[in-house]
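Data first, discussion second: the structure below is written as structure tokens.
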Amino acid sequence: MTVASLKTLHSLEYDRLKELLKNFCFSSLAKQAIDVLEPTDDPVLIEQGIAETREAMSFLEQASNFSLGGVRDLAPMFHNIKKRVSLNGEELLVILRTIEATRGIRDQLTSQNKLALLCELAERLAIPKRFAQQIYDTIDENGEIRIDASPALARLTRKKQTLEGEIQHKLQSLINLNPDLISEPVITRRSGRLVIPIRSGATGAMKFVVHDRSATGQTLYAEPTSLVAENNAIAELESSIREERLRILRELTQEARNAERLLLRNQTILTHIDFLFTRASYAAVHRCAFPRLSDSISLIDARHPLLAEEKVVPITLSFGDDARMVVITGPNTGGKTVTLKTVGLLTLMVQSIIPIPASPDSELAIVSRIRTDIGDEQSLEQNLSTFSGHMQNIVSALSVADSHSLILLDELGAGTDPQEGAALGLSILEELLEKKAFVAVSTHLTALKYFAIRRAAVKTASMEFDVSTLSPTFRVVEGIPGQSNAFIIAHRLGLANGIVERAHRFLSQEQIKTEDIIRDLQRTRQRMLHHRKQLQRELSSAEELKETYNQRLASFEQAKVEELPTRVRKLDSFLRQGQERIEKLLGTINANRPEQEIRDEYKQISGLRQSLRREEEEFNASQKEGEQIVPEDLRSGGIVYVRSVRSDGRIIQVSQKGRVSVEVDGIKLRTDLSDLAPARGTLKTKPRSSRLQLPEQDHISLQLNIRGMTISEALPRVEIYLDRLLLTDIKRASILHGKGTGALRDSVRDYLSSYSSVKSYGPATPREGGEGVTTFEFVE
């Protein structure tokens with residue numbers, strides 16, 4: 001069973017879409033394929049086709065040009081070849097150009113290594129090189145047989161040319177010697193023989209054979225009898241040449257028959273490639289994409305492909321999963337029918353592997369059957385009323401409806417008594433719900449509107465209507481049923497208030513209550529839309545401010561780097577030189593040297609380290625000279641930095657005059673607020689000694705444990721540990737830092753990479769701790 005009936009294809013204007021698609025074909029091959037195109041429900045074919053078409057779209061984005069120029073439909077030629085002796089030169093030239101174009105397409109597509117599916121298609125194209133070369137050697141660019149197509153043809157042609165040259169020479173001499181006989185001094189042909197034009201009444205000693213005369217009878221085209229034998233020889237040569245040419249064409253025709261299967265197989269592949277690029281070109285021009293294939297229908301910013309893009313209003317509509325039915329309400333000419341057609345036609349497009357004009361975030365389900373009841377089905381020929389025509393379509397839809405079907409019903413229940421039509425409509429919707437089909441219904445009937453509101457398995461939607469302009473906006477509003485605007489429109493158009501109020505009284509209380517609920521929902525939606533737009537504007541403004549901040553921050557950081565004072569550069573140079581001196585001293589230490597000499601060198605290292613630390617402290621102090629104490633730190637017991645004594649202290653008291661009492665190392669002093677800065681962290685209960693003690697070699701562990709420390713705490717310990725190891729015979733050791741975030745591990749390995757005495761380092765074996773431990777070896 002086909003996916004869509006002929007009536008469904010007609011109501012959804014599928015043939016118009018195919019005609020539109022033909023405008024993007026690269027050859028007649030794709031146009032023929034479009035003529036027989038039908039939607040499929042095979043998910044494998046659909047997914048394969050979508051993947052191939054996406055590659056064609058990517059190819060056009062990169063290469064921007066693709067052509068099947070030169071490719072022709074060879075099927076009719078091979079169909080007729082069975083009835084003919086041979087092909088002519090022009091037909092063989094068409095075959096040659098098709099082969100050459102096929103070679104070009106294959107080379108062009110196989111060069112795109114990233115487009116695997118297109119490459120695979122192109123690699124299946126077989127090129128009959130020998131046959132192509134035979135045609136090229138035999139047929140010229142005008143479709144004529146070349147003079148040198150065969151040795152025999154070349155010999156016969158040369159002999160004929162020589163003989164014709166001799167005859168022409170003799171005829172020219174005759175013209176020159178007998179000007180009174182000649183009507184016009186030219187040599188021409190009649191009946192394949194070389195002749196000269198002579199006057200009709202001329203007399204002379206020469207004898208002629210007349211082959212033709214002019215329309216006036218004044219000129220005779222005559223052949224001198226003396227040249228009859230030579231003209232006969234030319235005629236014989238021409239006969240031999242024709243036979244040789246026919247023999248050559250027969251040979252090439254037989255080669256064509258031998259290559260028929262290969263060439264028609266190529267044509268099938270070329271048709272497929274042409275169709276892929278036709279779809280891709282259509283997608284590029286009309287901004288189309290493929291949706292995700294899923295078990296529901298969710299169209300986002302979808303446009304009807306046959307409406308002018310500048311006029312169409314995109315729709316967003318979804319149904320499926322727990323709510324496989326949607327009931328759409330709204331005013332006449334509000335877009336309900338176009339919405340149903342958009343859902344149906346876009347589904348047909350995807351199942352025909354054609355990109356759809358919608359967001360790529362859209363989703364569509366693959367359905368086995370699509371049935372519609374759209375448009376006026378009145379038929380005078382079949383004696384059918386509008387209602388009868390609709391019922392026939394609905395009966396047909398119900399007969400095939402199941403969980404894999406899409407049913408589109410426009411104005412359900414119309415064309416008959418409203419109450420009876422509504423009752424039938426409710427029963428039909430109940431039946432479709434039981435069959436679990438995908439269903440989209442448009443209606444004006446209030447009963448169907450209430451049905452959708454009460455059922456959780458039915459989604460409501462409406463076409464937006466602008467009451468202020470009394471015109472539809474053609475936008476789909478999901479979750480809110482359409483409000484009846486008849487009273488509002490009537491009042492705006494001048495109907496008396498009394499009449500409108502009386503009409504209200506004819507409505508039931510349930511109808512009035514429902515309309516009020518719908519009106520409140522629409523007002524709430526308008527407020528939400530207003531707030532959403534306002535939030536979007538604020539978000540956009542915040543993003544701009546963030547971008548401005550980031551740019552200014554980057555500029556500030558760059559300026560700060562460029563404006564580093566000379567003192568920073570000097571300190572950096574001092575640190576580098578100090579590091580080199582330390583590594584040089586440590587590198588000279590070995591176990592065979594006297595212990596006192598080692599201790600002396602260690603004192604040099606300790607002194608150098610103290611100098612480095614003093615320089616660093618002075619630099620940090622100079623960098624923070626401009627920092628001010630914050631109010632939160634001005635409290636009794638707070639820790640601050642006192643610039644005048646270069647040390648941290650604890651606040652004892654703050655006077656109202658701005659004087660502060662601070663205790664520094666047990667000494668109380670009074671100072672101004674300007675002398676205070678944020679604490680530097682130098683105030684400790686028990687200061688650590690910065691002196692490096694030379695350890696006993698017997699107590700050095702083969703693993704340093706720094707797990708749980710910060711980087712600033714760990715690296716000094718790593719430095720001391722490496723220095724201690726260099727004083728021993730130990731060549732391999734490890735550092736236990738743990739895994740964690742990896743920051744401590746990376747810092748340790750970065751330090752090891754800069755340590756000149758370390759030959760290699762890396763993670764430990766799994767048994768030793770893996771990435772949580774770094775092992776290293778010293779230079780021998």
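Ordering of the structure tokens sets the chain letters (A, B, ...); residue numbers start at 1 within each chain; ligands are numbered from 1 in the order shown.
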
Write out as a PDB file with N, CA, C and O atoms, in the first residue's frame which residues come within 12 Å of stretch 213-225 of chain A when counting only C-alpha atoms, dropping same-chain ones fewer than 4 positions away.
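Result file is out01.pdb:
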ATOM      1  N   ILE A 167      40.933  16.958 -62.031  1.00  0.00           N
ATOM      2  CA  ILE A 167      39.755  17.355 -62.810  1.00  0.00           C
ATOM      3  C   ILE A 167      39.531  18.860 -62.699  1.00  0.00           C
ATOM      4  O   ILE A 167      39.218  19.540 -63.686  1.00  0.00           O
ATOM      5  N   GLN A 168      39.658  19.396 -61.539  1.00  0.00           N
ATOM      6  CA  GLN A 168      39.453  20.835 -61.347  1.00  0.00           C
ATOM      7  C   GLN A 168      40.468  21.639 -62.157  1.00  0.00           C
ATOM      8  O   GLN A 168      40.133  22.699 -62.718  1.00  0.00           O
ATOM      9  N   LYS A 170      41.821  20.740 -65.004  1.00  0.00           N
ATOM     10  CA  LYS A 170      41.423  20.672 -66.407  1.00  0.00           C
ATOM     11  C   LYS A 170      40.197  21.558 -66.668  1.00  0.00           C
ATOM     12  O   LYS A 170      40.118  22.233 -67.703  1.00  0.00           O
ATOM     13  N   LEU A 171      39.245  21.553 -65.735  1.00  0.00           N
ATOM     14  CA  LEU A 171      38.074  22.393 -65.919  1.00  0.00           C
ATOM     15  C   LEU A 171      38.444  23.875 -65.872  1.00  0.00           C
ATOM     16  O   LEU A 171      37.878  24.696 -66.623  1.00  0.00           O
ATOM     17  N   GLN A 172      39.357  24.242 -65.035  1.00  0.00           N
ATOM     18  CA  GLN A 172      39.774  25.637 -64.972  1.00  0.00           C
ATOM     19  C   GLN A 172      40.452  26.059 -66.267  1.00  0.00           C
ATOM     20  O   GLN A 172      40.259  27.183 -66.755  1.00  0.00           O
ATOM     21  N   LEU A 174      39.802  24.815 -69.209  1.00  0.00           N
ATOM     22  CA  LEU A 174      38.727  24.920 -70.193  1.00  0.00           C
ATOM     23  C   LEU A 174      38.002  26.261 -70.053  1.00  0.00           C
ATOM     24  O   LEU A 174      37.658  26.905 -71.041  1.00  0.00           O
ATOM     25  N   ILE A 175      37.780  26.697 -68.828  1.00  0.00           N
ATOM     26  CA  ILE A 175      37.120  27.995 -68.584  1.00  0.00           C
ATOM     27  C   ILE A 175      37.972  29.125 -69.143  1.00  0.00           C
ATOM     28  O   ILE A 175      37.465  30.066 -69.775  1.00  0.00           O
ATOM     29  N   LEU A 181      31.909  30.565 -73.972  1.00  0.00           N
ATOM     30  CA  LEU A 181      30.972  29.490 -73.623  1.00  0.00           C
ATOM     31  C   LEU A 181      30.523  29.554 -72.163  1.00  0.00           C
ATOM     32  O   LEU A 181      29.446  29.052 -71.816  1.00  0.00           O
ATOM     33  N   ILE A 182      31.330  30.163 -71.339  1.00  0.00           N
ATOM     34  CA  ILE A 182      31.129  30.070 -69.894  1.00  0.00           C
ATOM     35  C   ILE A 182      30.145  31.126 -69.429  1.00  0.00           C
ATOM     36  O   ILE A 182      30.291  32.319 -69.721  1.00  0.00           O
ATOM     37  N   SER A 183      29.128  30.670 -68.684  1.00  0.00           N
ATOM     38  CA  SER A 183      28.150  31.597 -68.102  1.00  0.00           C
ATOM     39  C   SER A 183      28.734  32.276 -66.860  1.00  0.00           C
ATOM     40  O   SER A 183      28.509  33.459 -66.629  1.00  0.00           O
ATOM     41  N   GLU A 184      29.508  31.499 -66.076  1.00  0.00           N
ATOM     42  CA  GLU A 184      30.133  32.028 -64.857  1.00  0.00           C
ATOM     43  C   GLU A 184      31.393  31.223 -64.602  1.00  0.00           C
ATOM     44  O   GLU A 184      31.354  29.981 -64.648  1.00  0.00           O
ATOM     45  N   PRO A 185      32.533  31.869 -64.365  1.00  0.00           N
ATOM     46  CA  PRO A 185      33.806  31.145 -64.248  1.00  0.00           C
ATOM     47  C   PRO A 185      33.959  30.427 -62.901  1.00  0.00           C
ATOM     48  O   PRO A 185      34.814  30.781 -62.086  1.00  0.00           O
ATOM     49  N   VAL A 186      33.154  29.435 -62.647  1.00  0.00           N
ATOM     50  CA  VAL A 186      33.248  28.673 -61.395  1.00  0.00           C
ATOM     51  C   VAL A 186      33.133  27.186 -61.694  1.00  0.00           C
ATOM     52  O   VAL A 186      32.592  26.797 -62.733  1.00  0.00           O
ATOM     53  N   ILE A 187      33.616  26.376 -60.766  1.00  0.00           N
ATOM     54  CA  ILE A 187      33.480  24.914 -60.868  1.00  0.00           C
ATOM     55  C   ILE A 187      32.535  24.486 -59.744  1.00  0.00           C
ATOM     56  O   ILE A 187      32.702  24.853 -58.596  1.00  0.00           O
ATOM     57  N   THR A 188      31.528  23.727 -60.058  1.00  0.00           N
ATOM     58  CA  THR A 188      30.532  23.314 -59.071  1.00  0.00           C
ATOM     59  C   THR A 188      30.223  21.832 -59.239  1.00  0.00           C
ATOM     60  O   THR A 188      30.859  21.142 -60.052  1.00  0.00           O
ATOM     61  N   ARG A 189      29.237  21.350 -58.462  1.00  0.00           N
ATOM     62  CA  ARG A 189      28.873  19.928 -58.505  1.00  0.00           C
ATOM     63  C   ARG A 189      27.392  19.782 -58.810  1.00  0.00           C
ATOM     64  O   ARG A 189      26.558  20.532 -58.310  1.00  0.00           O
ATOM     65  N   ARG A 190      27.107  18.779 -59.574  1.00  0.00           N
ATOM     66  CA  ARG A 190      25.743  18.361 -59.843  1.00  0.00           C
ATOM     67  C   ARG A 190      25.727  16.846 -59.894  1.00  0.00           C
ATOM     68  O   ARG A 190      26.534  16.226 -60.602  1.00  0.00           O
ATOM     69  N   SER A 191      24.805  16.271 -59.108  1.00  0.00           N
ATOM     70  CA  SER A 191      24.705  14.806 -59.039  1.00  0.00           C
ATOM     71  C   SER A 191      26.027  14.168 -58.646  1.00  0.00           C
ATOM     72  O   SER A 191      26.374  13.064 -59.091  1.00  0.00           O
ATOM     73  N   GLY A 192      26.792  14.863 -57.812  1.00  0.00           N
ATOM     74  CA  GLY A 192      28.056  14.331 -57.319  1.00  0.00           C
ATOM     75  C   GLY A 192      29.200  14.434 -58.305  1.00  0.00           C
ATOM     76  O   GLY A 192      30.289  13.919 -58.034  1.00  0.00           O
ATOM     77  N   ARG A 193      28.983  15.126 -59.459  1.00  0.00           N
ATOM     78  CA  ARG A 193      30.026  15.207 -60.484  1.00  0.00           C
ATOM     79  C   ARG A 193      30.474  16.652 -60.625  1.00  0.00           C
ATOM     80  O   ARG A 193      29.685  17.586 -60.467  1.00  0.00           O
ATOM     81  N   LEU A 194      31.740  16.867 -60.971  1.00  0.00           N
ATOM     82  CA  LEU A 194      32.288  18.197 -61.153  1.00  0.00           C
ATOM     83  C   LEU A 194      31.858  18.727 -62.524  1.00  0.00           C
ATOM     84  O   LEU A 194      32.090  18.088 -63.556  1.00  0.00           O
ATOM     85  N   VAL A 195      31.227  19.913 -62.568  1.00  0.00           N
ATOM     86  CA  VAL A 195      30.720  20.500 -63.817  1.00  0.00           C
ATOM     87  C   VAL A 195      31.045  21.988 -63.831  1.00  0.00           C
ATOM     88  O   VAL A 195      31.469  22.557 -62.823  1.00  0.00           O
ATOM     89  N   ILE A 196      30.813  22.608 -65.047  1.00  0.00           N
ATOM     90  CA  ILE A 196      30.989  24.043 -65.185  1.00  0.00           C
ATOM     91  C   ILE A 196      29.714  24.633 -65.774  1.00  0.00           C
ATOM     92  O   ILE A 196      29.004  23.964 -66.550  1.00  0.00           O
ATOM     93  N   PRO A 197      29.346  25.886 -65.437  1.00  0.00           N
ATOM     94  CA  PRO A 197      28.145  26.521 -66.000  1.00  0.00           C
ATOM     95  C   PRO A 197      28.447  27.113 -67.391  1.00  0.00           C
ATOM     96  O   PRO A 197      29.397  27.902 -67.531  1.00  0.00           O
ATOM     97  N   ILE A 198      27.676  26.715 -68.431  1.00  0.00           N
ATOM     98  CA  ILE A 198      27.856  27.262 -69.784  1.00  0.00           C
ATOM     99  C   ILE A 198      26.547  27.895 -70.238  1.00  0.00           C
ATOM    100  O   ILE A 198      25.474  27.593 -69.700  1.00  0.00           O
ATOM    101  N   ARG A 199      26.674  28.792 -71.209  1.00  0.00           N
ATOM    102  CA  ARG A 199      25.481  29.469 -71.718  1.00  0.00           C
ATOM    103  C   ARG A 199      24.618  28.467 -72.489  1.00  0.00           C
ATOM    104  O   ARG A 199      25.118  27.586 -73.195  1.00  0.00           O
ATOM    105  N   SER A 200      23.322  28.703 -72.424  1.00  0.00           N
ATOM    106  CA  SER A 200      22.389  27.774 -73.059  1.00  0.00           C
ATOM    107  C   SER A 200      22.536  27.733 -74.570  1.00  0.00           C
ATOM    108  O   SER A 200      22.482  26.665 -75.171  1.00  0.00           O
ATOM    109  N   GLY A 201      22.740  28.837 -75.212  1.00  0.00           N
ATOM    110  CA  GLY A 201      22.800  28.841 -76.677  1.00  0.00           C
ATOM    111  C   GLY A 201      24.195  28.825 -77.235  1.00  0.00           C
ATOM    112  O   GLY A 201      24.372  29.029 -78.445  1.00  0.00           O
ATOM    113  N   ALA A 202      25.176  28.591 -76.425  1.00  0.00           N
ATOM    114  CA  ALA A 202      26.564  28.631 -76.895  1.00  0.00           C
ATOM    115  C   ALA A 202      26.878  27.414 -77.766  1.00  0.00           C
ATOM    116  O   ALA A 202      26.333  26.331 -77.563  1.00  0.00           O
ATOM    117  N   GLY A 204      30.213  25.357 -79.905  1.00  0.00           N
ATOM    118  CA  GLY A 204      31.664  25.196 -79.930  1.00  0.00           C
ATOM    119  C   GLY A 204      32.022  23.782 -80.301  1.00  0.00           C
ATOM    120  O   GLY A 204      31.163  22.921 -80.524  1.00  0.00           O
ATOM    121  N   ALA A 205      33.322  23.557 -80.389  1.00  0.00           N
ATOM    122  CA  ALA A 205      33.805  22.243 -80.799  1.00  0.00           C
ATOM    123  C   ALA A 205      33.723  21.219 -79.673  1.00  0.00           C
ATOM    124  O   ALA A 205      33.780  20.012 -79.923  1.00  0.00           O
ATOM    125  N   MET A 206      33.584  21.692 -78.431  1.00  0.00           N
ATOM    126  CA  MET A 206      33.585  20.776 -77.293  1.00  0.00           C
ATOM    127  C   MET A 206      32.221  20.126 -77.110  1.00  0.00           C
ATOM    128  O   MET A 206      31.194  20.733 -77.407  1.00  0.00           O
ATOM    129  N   LYS A 207      32.265  18.866 -76.625  1.00  0.00           N
ATOM    130  CA  LYS A 207      31.034  18.139 -76.346  1.00  0.00           C
ATOM    131  C   LYS A 207      30.836  18.044 -74.824  1.00  0.00           C
ATOM    132  O   LYS A 207      31.789  17.853 -74.068  1.00  0.00           O
ATOM    133  N   PHE A 208      29.572  18.186 -74.399  1.00  0.00           N
ATOM    134  CA  PHE A 208      29.241  18.203 -72.974  1.00  0.00           C
ATOM    135  C   PHE A 208      28.098  17.236 -72.676  1.00  0.00           C
ATOM    136  O   PHE A 208      27.288  16.941 -73.542  1.00  0.00           O
ATOM    137  N   VAL A 209      28.071  16.795 -71.440  1.00  0.00           N
ATOM    138  CA  VAL A 209      26.920  16.062 -70.898  1.00  0.00           C
ATOM    139  C   VAL A 209      26.261  16.994 -69.878  1.00  0.00           C
ATOM    140  O   VAL A 209      26.879  17.405 -68.899  1.00  0.00           O
ATOM    141  N   ALA A 229      35.082   9.804 -67.729  1.00  0.00           N
ATOM    142  CA  ALA A 229      35.744   8.630 -67.138  1.00  0.00           C
ATOM    143  C   ALA A 229      36.351   8.968 -65.774  1.00  0.00           C
ATOM    144  O   ALA A 229      36.253   8.192 -64.807  1.00  0.00           O
ATOM    145  N   GLU A 230      36.945  10.159 -65.668  1.00  0.00           N
ATOM    146  CA  GLU A 230      37.568  10.557 -64.398  1.00  0.00           C
ATOM    147  C   GLU A 230      36.502  10.827 -63.330  1.00  0.00           C
ATOM    148  O   GLU A 230      36.668  10.485 -62.153  1.00  0.00           O
ATOM    149  N   ASN A 231      35.378  11.441 -63.736  1.00  0.00           N
ATOM    150  CA  ASN A 231      34.283  11.654 -62.769  1.00  0.00           C
ATOM    151  C   ASN A 231      33.680  10.327 -62.325  1.00  0.00           C
ATOM    152  O   ASN A 231      33.234  10.173 -61.189  1.00  0.00           O
ATOM    153  N   ASN A 232      33.647   9.375 -63.259  1.00  0.00           N
ATOM    154  CA  ASN A 232      33.178   8.034 -62.881  1.00  0.00           C
ATOM    155  C   ASN A 232      34.085   7.413 -61.821  1.00  0.00           C
ATOM    156  O   ASN A 232      33.632   6.732 -60.898  1.00  0.00           O
TER     157      ASN A 232
END

Report as a list in words all protein, DNA and RNA residues lying within 10 Å of A:Gln32, evaluated on only C-alpha atoms, omitting residues in the same chain fewer than 5 positions from it.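 Selected residues are Lys22, Cys25, Ser27, Leu37, Asp73, Thr271 and Phe275 of chain A.
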
So what do you get for atom CA of A:Val477 versus atom CA of A:Glu464, distance-wise?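 It comes out at 6.3 Å.
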
Taking the backbone alone, and naming residues the way the document does, which bits of stretch 58-124 of chain A are helix (DSSP H, G or I) by DSSP, as a PyMOL selection string? chain A and resi 58-63+75-83+89-110+116-123

Could you jot down the atom CA of A:Asn497 to atom CA of A:Pro418 separation for me, Å, one decimal place?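 Calculated distance between atom CA of A:Asn497 and atom CA of A:Pro418 is 26.5 Å.
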
So, with only C-alpha atoms as the atoms that count, which of A:Met709, A:Leu17, A:Val779, A:Leu727 lies closest to A:Val748?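 Under the stated criterion, the closest residue is A:Met709.
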
Enter the distance from atom CA of A:Leu156 to atom CA of A:Leu92, in Å, rounded to one decimal. 23.2 Å

Determine which residues of stretch 101-250 of chain A receive a DSSP assignment of strand (DSSP E or B), computed from the backbone, and state them as an NGL selection string. :A and (139 or 145 or 182 or 188-190 or 193-199 or 208-213 or 219-224)

Save the residues we just selected, N, CA and C atoms, as a PDB file, in the first residue's frame?
ATOM      1  N   ILE A 139      35.562  10.024 -34.385  1.00  0.00           N
ATOM      2  CA  ILE A 139      34.558  11.076 -34.596  1.00  0.00           C
ATOM      3  C   ILE A 139      35.133  12.421 -34.155  1.00  0.00           C
ATOM      4  N   ILE A 145      32.899  11.652 -39.207  1.00  0.00           N
ATOM      5  CA  ILE A 145      33.968  10.654 -39.149  1.00  0.00           C
ATOM      6  C   ILE A 145      35.272  11.300 -39.612  1.00  0.00           C
ATOM      7  N   ILE A 182      31.330  30.163 -71.339  1.00  0.00           N
ATOM      8  CA  ILE A 182      31.129  30.070 -69.894  1.00  0.00           C
ATOM      9  C   ILE A 182      30.145  31.126 -69.429  1.00  0.00           C
ATOM     10  N   THR A 188      31.528  23.727 -60.058  1.00  0.00           N
ATOM     11  CA  THR A 188      30.532  23.314 -59.071  1.00  0.00           C
ATOM     12  C   THR A 188      30.223  21.832 -59.239  1.00  0.00           C
ATOM     13  N   ARG A 189      29.237  21.350 -58.462  1.00  0.00           N
ATOM     14  CA  ARG A 189      28.873  19.928 -58.505  1.00  0.00           C
ATOM     15  C   ARG A 189      27.392  19.782 -58.810  1.00  0.00           C
ATOM     16  N   ARG A 190      27.107  18.779 -59.574  1.00  0.00           N
ATOM     17  CA  ARG A 190      25.743  18.361 -59.843  1.00  0.00           C
ATOM     18  C   ARG A 190      25.727  16.846 -59.894  1.00  0.00           C
ATOM     19  N   ARG A 193      28.983  15.126 -59.459  1.00  0.00           N
ATOM     20  CA  ARG A 193      30.026  15.207 -60.484  1.00  0.00           C
ATOM     21  C   ARG A 193      30.474  16.652 -60.625  1.00  0.00           C
ATOM     22  N   LEU A 194      31.740  16.867 -60.971  1.00  0.00           N
ATOM     23  CA  LEU A 194      32.288  18.197 -61.153  1.00  0.00           C
ATOM     24  C   LEU A 194      31.858  18.727 -62.524  1.00  0.00           C
ATOM     25  N   VAL A 195      31.227  19.913 -62.568  1.00  0.00           N
ATOM     26  CA  VAL A 195      30.720  20.500 -63.817  1.00  0.00           C
ATOM     27  C   VAL A 195      31.045  21.988 -63.831  1.00  0.00           C
ATOM     28  N   ILE A 196      30.813  22.608 -65.047  1.00  0.00           N
ATOM     29  CA  ILE A 196      30.989  24.043 -65.185  1.00  0.00           C
ATOM     30  C   ILE A 196      29.714  24.633 -65.774  1.00  0.00           C
ATOM     31  N   PRO A 197      29.346  25.886 -65.437  1.00  0.00           N
ATOM     32  CA  PRO A 197      28.145  26.521 -66.000  1.00  0.00           C
ATOM     33  C   PRO A 197      28.447  27.113 -67.391  1.00  0.00           C
ATOM     34  N   ILE A 198      27.676  26.715 -68.431  1.00  0.00           N
ATOM     35  CA  ILE A 198      27.856  27.262 -69.784  1.00  0.00           C
ATOM     36  C   ILE A 198      26.547  27.895 -70.238  1.00  0.00           C
ATOM     37  N   ARG A 199      26.674  28.792 -71.209  1.00  0.00           N
ATOM     38  CA  ARG A 199      25.481  29.469 -71.718  1.00  0.00           C
ATOM     39  C   ARG A 199      24.618  28.467 -72.489  1.00  0.00           C
ATOM     40  N   PHE A 208      29.572  18.186 -74.399  1.00  0.00           N
ATOM     41  CA  PHE A 208      29.241  18.203 -72.974  1.00  0.00           C
ATOM     42  C   PHE A 208      28.098  17.236 -72.676  1.00  0.00           C
ATOM     43  N   VAL A 209      28.071  16.795 -71.440  1.00  0.00           N
ATOM     44  CA  VAL A 209      26.920  16.062 -70.898  1.00  0.00           C
ATOM     45  C   VAL A 209      26.261  16.994 -69.878  1.00  0.00           C
ATOM     46  N   VAL A 210      25.016  17.382 -70.179  1.00  0.00           N
ATOM     47  CA  VAL A 210      24.299  18.331 -69.314  1.00  0.00           C
ATOM     48  C   VAL A 210      23.657  17.559 -68.147  1.00  0.00           C
ATOM     49  N   HIS A 211      23.937  18.012 -66.931  1.00  0.00           N
ATOM     50  CA  HIS A 211      23.400  17.371 -65.727  1.00  0.00           C
ATOM     51  C   HIS A 211      22.300  18.194 -65.064  1.00  0.00           C
ATOM     52  N   ASP A 212      22.227  19.513 -65.337  1.00  0.00           N
ATOM     53  CA  ASP A 212      21.220  20.350 -64.687  1.00  0.00           C
ATOM     54  C   ASP A 212      21.175  21.685 -65.420  1.00  0.00           C
ATOM     55  N   ARG A 213      20.135  22.474 -65.206  1.00  0.00           N
ATOM     56  CA  ARG A 213      20.032  23.804 -65.781  1.00  0.00           C
ATOM     57  C   ARG A 213      19.478  24.741 -64.730  1.00  0.00           C
ATOM     58  N   THR A 219      21.340  28.956 -68.121  1.00  0.00           N
ATOM     59  CA  THR A 219      22.640  28.353 -67.782  1.00  0.00           C
ATOM     60  C   THR A 219      22.484  26.842 -67.704  1.00  0.00           C
ATOM     61  N   LEU A 220      23.457  26.160 -68.339  1.00  0.00           N
ATOM     62  CA  LEU A 220      23.500  24.700 -68.288  1.00  0.00           C
ATOM     63  C   LEU A 220      24.716  24.265 -67.467  1.00  0.00           C
ATOM     64  N   TYR A 221      24.499  23.266 -66.585  1.00  0.00           N
ATOM     65  CA  TYR A 221      25.604  22.726 -65.780  1.00  0.00           C
ATOM     66  C   TYR A 221      26.072  21.450 -66.474  1.00  0.00           C
ATOM     67  N   ALA A 222      27.238  21.615 -67.145  1.00  0.00           N
ATOM     68  CA  ALA A 222      27.672  20.566 -68.077  1.00  0.00           C
ATOM     69  C   ALA A 222      29.014  19.983 -67.663  1.00  0.00           C
ATOM     70  N   GLU A 223      29.166  18.698 -68.056  1.00  0.00           N
ATOM     71  CA  GLU A 223      30.407  17.967 -67.809  1.00  0.00           C
ATOM     72  C   GLU A 223      31.048  17.635 -69.149  1.00  0.00           C
ATOM     73  N   PRO A 224      32.254  18.087 -69.405  1.00  0.00           N
ATOM     74  CA  PRO A 224      32.919  17.746 -70.662  1.00  0.00           C
ATOM     75  C   PRO A 224      33.014  16.230 -70.804  1.00  0.00           C
TER      76      PRO A 224
END

Fewer than 4 positions away in the same chain doesn't count, so skip those; otherwise give me all residues within 9 Å of A:Lys759, counting only C-alpha atoms, as a ChimeraX atom specification. /A:753,755,776-780

What lies within 10 Å of A:Arg54 using only C-alpha atoms, ignoring chain neighbours under 3 positions off, as a PyMOL selection string? chain A and resi 48-51+57-60+115+117+276-277+279-280+283+289-290+355

Can you pull out every residue within 12 Å of A:Asn142, counting only C-alpha atoms, but drop anything in the same chain fewer than 5 positions away, and send it as number ranges by chain? A: 88-94, 136

Could you give me, as number ranges by chain, the residues within 9 Å of A:Gly415, counting only C-alpha atoms and dropping anything in the same chain fewer than 5 positions from it? A: 385-388, 390, 421

Residues within 9 Å of A:Ile453, only C-alpha atoms, excluding chain neighbours under 6 positions, as a JSON list (two decimals) with N, CA and C atoms, in the first residue's frame:
[["chain", "number", "residue", "atom", "x", "y", "z"],
["A", 459, "LYS", "N", -4.30, 17.82, 22.21],
["A", 459, "LYS", "CA", -3.68, 19.13, 22.39],
["A", 459, "LYS", "C", -4.52, 20.18, 21.69],
["A", 460, "THR", "N", -4.61, 21.34, 22.30],
["A", 460, "THR", "CA", -5.36, 22.44, 21.68],
["A", 460, "THR", "C", -4.40, 23.45, 21.08],
["A", 480, "ILE", "N", -3.79, 26.95, 23.69],
["A", 480, "ILE", "CA", -4.95, 27.81, 23.93],
["A", 480, "ILE", "C", -5.94, 27.63, 22.79],
["A", 481, "PRO", "N", -7.17, 27.24, 23.07],
["A", 481, "PRO", "CA", -8.16, 27.12, 21.99],
["A", 481, "PRO", "C", -8.54, 28.49, 21.46]]

Pick out the closest residue to A:Thr774 from this set: A:Leu412, A:Leu704, A:Leu715, A:Ile370. Count only C-alpha atoms.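 Result for the nearest residue to A:Thr774: A:Leu704.
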